[in-house]
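Take a look at the structure below.
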Amino acid sequence: MKSWIKRIIVIGAIVLFAAACTPQELKTFYQDHGIDTSQMSEADLAAQAAAITDYMNHQAALHQYDYALSDDALARLRQCESTNNYGAVSSGGTYRGAYQFSQQTWNGVANSAFGGDYSGWDPAGAPAYVQDAFTRALYLQRGRAPWPVCGARL
């Protein structure tokens with residue numbers, strides 16, 4: 001997909017803000033912003049609208065627990081657990097990512113809080129925003145217990 005189409009999809013997603021996006025709404029958005037839609041088929045518009053809706057739903061799911069911990073609390077925990085390294089791996093390889101998730105804990109949060117999204121992923125390989133979201137969800141489920149030393153900084 002061309003980069004300008006990706007940018008337009010993201011901009012459209014932001015403007016539409018978590019509402020379902022229909023092909024007609026997307027076409028109107030494009031036209032209102034001076035984008036020629038004459039070469040776009042209805043199928044293309046429908047696919048783009050579906051992608052925007054999926055993206056917004058995914059983002060809403062990842063941000064549903066933002067209230068659980070502040071960014072400052074996450075930064076303190078992350079600094080203590082991994083010296084702010086989202087790709088950190090413990091010396092034994094068991095604990096991974098900025099917040100030192102075990103694979104079992106990671107998969108449990110994926111399944112219980114995010115409908116299985118990211119289950120099986122290596123926590124150290126997950127994007128920072130996903131690791132942050134998982135940490136907030138885990139905190140709501142179990143409090144400070146998953147971080148017996150660094151949890152005191154929350």
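Residues in the structure tokens are named by chain (A, B, ... in the order shown) and by number from 1 within that chain; ligands are numbered from 1 in the order shown.
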
Fill in: Which of segment 9-140 of chain A fall in alpha helix (DSSP H), as a ChimeraX atom specification
/A:9-16,23-32,42-62,71-82,103-113,128-140

Discussion item. With only C-alpha atoms as the counted atoms, please give the residues lying no more than 12 Å from Leu45 of chain A, apart from itself and same-chain residues fewer than 5 positions off, as a list in words.
Written reply: Ile5, Ile8, Ile9, Gly12, Cys21, Thr22, Pro23, Gln24, Glu25, Leu26, Lys27, Thr28, Phe29, Tyr30, Thr37, Ser38, Gln39, Met40, Ala50, Ala51 and Ile52 of chain A

Got time to write the residues from that selection, C-alpha atoms, as a PDB file, in the first residue's frame?
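Wrote it out as result-v3.pdb, contents follow:
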```pdb
ATOM      1  CA  ILE A   5      -2.774   6.022   1.579  1.00  0.00           C
ATOM      2  CA  ILE A   8      -4.679   9.216   4.981  1.00  0.00           C
ATOM      3  CA  ILE A   9      -6.044   6.155   6.754  1.00  0.00           C
ATOM      4  CA  GLY A  12      -9.086   9.582   8.821  1.00  0.00           C
ATOM      5  CA  CYS A  21     -16.296   4.339   9.421  1.00  0.00           C
ATOM      6  CA  THR A  22     -18.452   3.705   6.383  1.00  0.00           C
ATOM      7  CA  PRO A  23     -17.170   3.908   2.806  1.00  0.00           C
ATOM      8  CA  GLN A  24     -19.408   6.911   2.172  1.00  0.00           C
ATOM      9  CA  GLU A  25     -18.091   8.730   5.258  1.00  0.00           C
ATOM     10  CA  LEU A  26     -14.542   8.057   4.137  1.00  0.00           C
ATOM     11  CA  LYS A  27     -15.281   9.286   0.608  1.00  0.00           C
ATOM     12  CA  THR A  28     -16.812  12.458   2.046  1.00  0.00           C
ATOM     13  CA  PHE A  29     -13.799  12.929   4.318  1.00  0.00           C
ATOM     14  CA  TYR A  30     -11.422  12.572   1.377  1.00  0.00           C
ATOM     15  CA  THR A  37     -11.532   9.779  -5.118  1.00  0.00           C
ATOM     16  CA  SER A  38     -12.357   9.302  -8.791  1.00  0.00           C
ATOM     17  CA  GLN A  39      -9.750   6.521  -9.139  1.00  0.00           C
ATOM     18  CA  MET A  40     -10.882   4.703  -5.984  1.00  0.00           C
ATOM     19  CA  ALA A  50     -12.880  -1.388   7.466  1.00  0.00           C
ATOM     20  CA  ALA A  51      -9.178  -0.916   8.183  1.00  0.00           C
ATOM     21  CA  ILE A  52      -9.842   2.399   9.923  1.00  0.00           C
TER      22      ILE A  52
END
```
